[in-house]
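Trainee: Once you've had a glance at the structure underneath, I'll fire off some questions.
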Amino acid sequence: MSRSALLALALPAALSAATREEALNQAVGRAAKVEERFARTWTFYAIAEEWAHTDPARAADLADRLKAWTARRDLLSVVMFAWGRRDPRAAADWGLKFQERTQGDLATRNTALHHAVVGMVQKDPKLADELIWKHLAEEGWGNLPRTAPMEAARELAKSDPQAALTMAEAIKNHEGCRVDALRAVLREWAAKDPKAAQAALAGRSEKEFVKAFPRDLAEGWAAKDPKAAADYAAKIQDAYTRIMALAAVARETAKADPKGAADLCAAFAALNVGHRHEQNARLGKLVREIGEAFGRKDLQAAVQWAAALPDKPGGLQANAIDGVAAAWAATDPKAALDYYAKAGGGTGDALPALARALAKRAAPAALELVGQAKRLVLKSHIIHEVAIELAGRDPEAAARLAETWAGVTDYYSYRAAAASAAAAAWAGKDPKQAAAWAAKLEPTRDRLDALRAVAAAWAKRSPDVAFAWANALPCPQEAAHALVGTAQGLRPEAP
């Protein structure tokens with residue numbers, strides 16, 4: 001490629017980087033003018049979170065300036081973990097110099113170092129170990145740093161279980177943390193070499209570790225050899241441990257053999273040792289996932305399997321029906337809805353998937369499911385799914401749905417996410433119209449998220465125009481969030 005061609009490619013990238021930098025700088029200035037304290041903190045949080053993708057040092061410095069301790073702690077945990085993964089030494093140096101900058105805010109310094117350690121441990125375990133025992137342990141641990149070796153060992157176990165075991169065994173003063181680290185080591189090691197993991201960890205004496213050992217071994221083993229893991233799990237003596245071990249094996253088995261996973265569900269359903277175990281939320285979620293995987297592979301067999309499970313209210317059968325109905329909806333939503341009604345309606349958790357599938361053909365029919373939902377959060381989820389589906393082909397209709405939904409309590413930010421999706425899709429076609437719509441929304445998180453989404457989509461097409469629009473918004477908080485969106489749209493793709 002010629003020099004002129006290379007320059008032609010480099011120039012837009014350089015201009016985008018400069019515009020992104022200016023957008024975030026302007027956002028900081030506008031955020032400082034937000035009068036309400038919580039809104040101001042949240043706005044600075046958004047800016048730092050975006051800056052962390054390209055300049056973690058700036059992000060960390062901005063996070064450190066947040067006055068709310070919880071916001072500062074939460075944001076530093078995200079920034080420092082990512083920075084530790086990217087550049088361990090730079091993250092460590094920033095954390096170690098913290099006291100010089102803040103005149104001794106030890107709790108915040110330890111938060112920063114703690115998460116940097118967990119982020120860097122796979123890339124530079126020697127530096128991570130030094131930071132743990134030289135700079136965190138010397139402070140008497142406190143609530144957060146005490147868990148640093150535990151979390152570092154769990155992270156290191158993903159790449160080097162033997163080294164992680166050494167790190168876990170160095171935890172002397174807190175058995176709970178040591179047990180948690182050892183369990184992670186066992187699961188990760190068993191996924192690579194179950195016999196070696198069993199030999200290395202079977203003889204330990206920690207009571208809680210001994211209790212969890214069979215389940216953790218089976219869960220890790222299942223990633224390598226699900227059949228052998230199932231044979232092992234079926235022989236575990238304690239009934240509850242056996243159920244949970246078989247469930248863990250079933251989760252892994254479902255990736256390649258949904259029918260085999262379904263057979264395991266039938267096996268541990270028969271081992272029910274009490275009403276509370278069948279109601280266990282983790283088991284219900286697992287059975288629902290397996291039902292969906294099984295339904296995608298062999299729908300009729302999955303229907304028969306679900307019908308044969310125990311039919312206690314809210315138990316395994318209801319969750320299995322949820323999964324089968326969700327799988328069926330992908331190919332024939334009307335037939336799936338009919339099955340769901342005749343089978344008793346499951347737990348109701350399949351309704352959002354059914355609504356999204358129905359919305360591809362007829363949004364009004366999909367919205368009728370809102371009336372069938374018994375829980376308010378489920379109603380919100382259904383409307384969210386319909387709006388998301390509409391956004392891809394009719395963003396204006398999705399926008400109208402998000403807007404008329406304004407009076408509904410926004411559980412789990414379902415409504416804000418729908419408004420954001422509609423705004424982004426609309427801005428991809430007509431950014432000026434999308435911007436005008438977003439600016440007229442109720443002054444809640446919906447409007448802020450929509451403005452940010454419009455700016456991000458607009459910046460991909462016309463960076464300077466998007467920046468000028470965002471920077472001209474009269475409300476400081478709205479301008480700051482739109483400027484963050486502009487920066488987001490100009491963010492370089494991760495390598």
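Letters A, B, ... go to the chains of the structure tokens in the order shown; residues in each chain start at 1; ligands are counted from 1 in the same order.
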Determine, counting only C-alpha atoms, which protein, DNA and RNA residues have an atom within 7 Å of an atom of Ala230 (chain A); residues of the same chain fewer than 4 positions away are not included. Present the result as a list of chain:residue names.
Mentor: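 Surrounding residues, per the criterion: A:Pro226, A:Ala234, A:Leu246, A:Val249.
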Trainee: Report as a list in words all protein, DNA and RNA residues lying within 6 Å of region 113-126 of chain A, evaluated on only C-alpha atoms, omitting residues in the same chain fewer than 3 positions from it.
Mentor: Ser77, Met80, Phe81, Gly84, Arg85, Pro88, Gly95, Asn110, Asp129, Pro145, Ala148, Ala152 and Leu156 of chain A
Trainee: Thr108 (chain A): which residues within 8 Å, counting only C-alpha atoms, same-chain residues fewer than 3 positions away excluded, as a VMD selection string?
Mentor: chain A and resid 72 to 73 105 111 to 112
Trainee: Keeping only C-alpha atoms, write the selected residues as a tab-separated table (two decimals), in the first residue's frame.
Mentor:
chain	number	residue	atom	x	y	z
A	72	ARG	CA	-15.55	5.47	43.72
A	73	ARG	CA	-15.05	1.90	44.92
A	105	ASP	CA	-6.87	7.22	51.69
A	111	THR	CA	-9.53	-1.27	46.49
A	112	ALA	CA	-7.54	-0.17	43.44
Trainee: Write out as a compact mmCIF listing (two decimals) with C-alpha atoms, in the first residue's frame which residues come within 6 Å of region 371-385 of chain A when counting only C-alpha atoms, dropping same-chain ones fewer than 3 positions away.
Mentor:
# COMPACT_ATOMS: atom_id res chain seq x y z
CA PRO A 352 -40.95 -12.93 26.88
CA ARG A 356 -40.48 -11.62 20.85
CA GLU A 368 -51.61 -9.47 24.38
CA ILE A 388 -36.38 -4.77 20.91
CA TYR A 411 -37.83 -3.20 36.48
CA TYR A 414 -36.16 -2.94 30.69
CA ALA A 418 -35.98 -0.53 24.92
Trainee: List the spatial neighbours of Ala218 (chain A) as a ChimeraX atom specification - criterion: any atom at most 8 Å away, only C-alpha atoms, same-chain residues fewer than 4 positions off excluded.
Mentor: /A:214,222,229-230,232-233,245-246,248-249
Trainee: For the residues in that selection, give me N, CA and C atoms as a CSV table (one decimal), in the first residue's frame.
Mentor:
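In the end it all went to result-v2.csv:
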chain,number,residue,atom,x,y,z
A,214,PRO,N,-16.9,-33.4,46.1
A,214,PRO,CA,-17.5,-34.3,45.1
A,214,PRO,C,-18.2,-33.4,44.0
A,222,ALA,N,-16.9,-32.6,34.1
A,222,ALA,CA,-17.9,-32.7,33.1
A,222,ALA,C,-17.4,-31.9,31.8
A,229,ALA,N,-17.9,-38.1,34.2
A,229,ALA,CA,-18.3,-37.2,35.4
A,229,ALA,C,-19.7,-37.6,35.9
A,230,ALA,N,-20.6,-38.0,35.0
A,230,ALA,CA,-22.0,-38.4,35.4
A,230,ALA,C,-21.9,-39.7,36.2
A,232,TYR,N,-19.5,-40.7,37.9
A,232,TYR,CA,-18.9,-40.4,39.3
A,232,TYR,C,-20.0,-39.7,40.1
A,233,ALA,N,-20.7,-38.7,39.6
A,233,ALA,CA,-21.7,-38.0,40.3
A,233,ALA,C,-22.8,-38.9,40.8
A,245,ALA,N,-24.5,-32.1,42.0
A,245,ALA,CA,-23.4,-32.5,41.1
A,245,ALA,C,-23.9,-33.0,39.7
A,246,LEU,N,-25.0,-33.7,39.8
A,246,LEU,CA,-25.6,-34.2,38.5
A,246,LEU,C,-26.1,-33.0,37.7
A,248,ALA,N,-24.8,-29.9,37.7
A,248,ALA,CA,-23.6,-29.3,37.1
A,248,ALA,C,-23.1,-30.1,35.9
A,249,VAL,N,-23.2,-31.4,36.0
A,249,VAL,CA,-22.8,-32.3,34.9
A,249,VAL,C,-23.8,-32.1,33.7
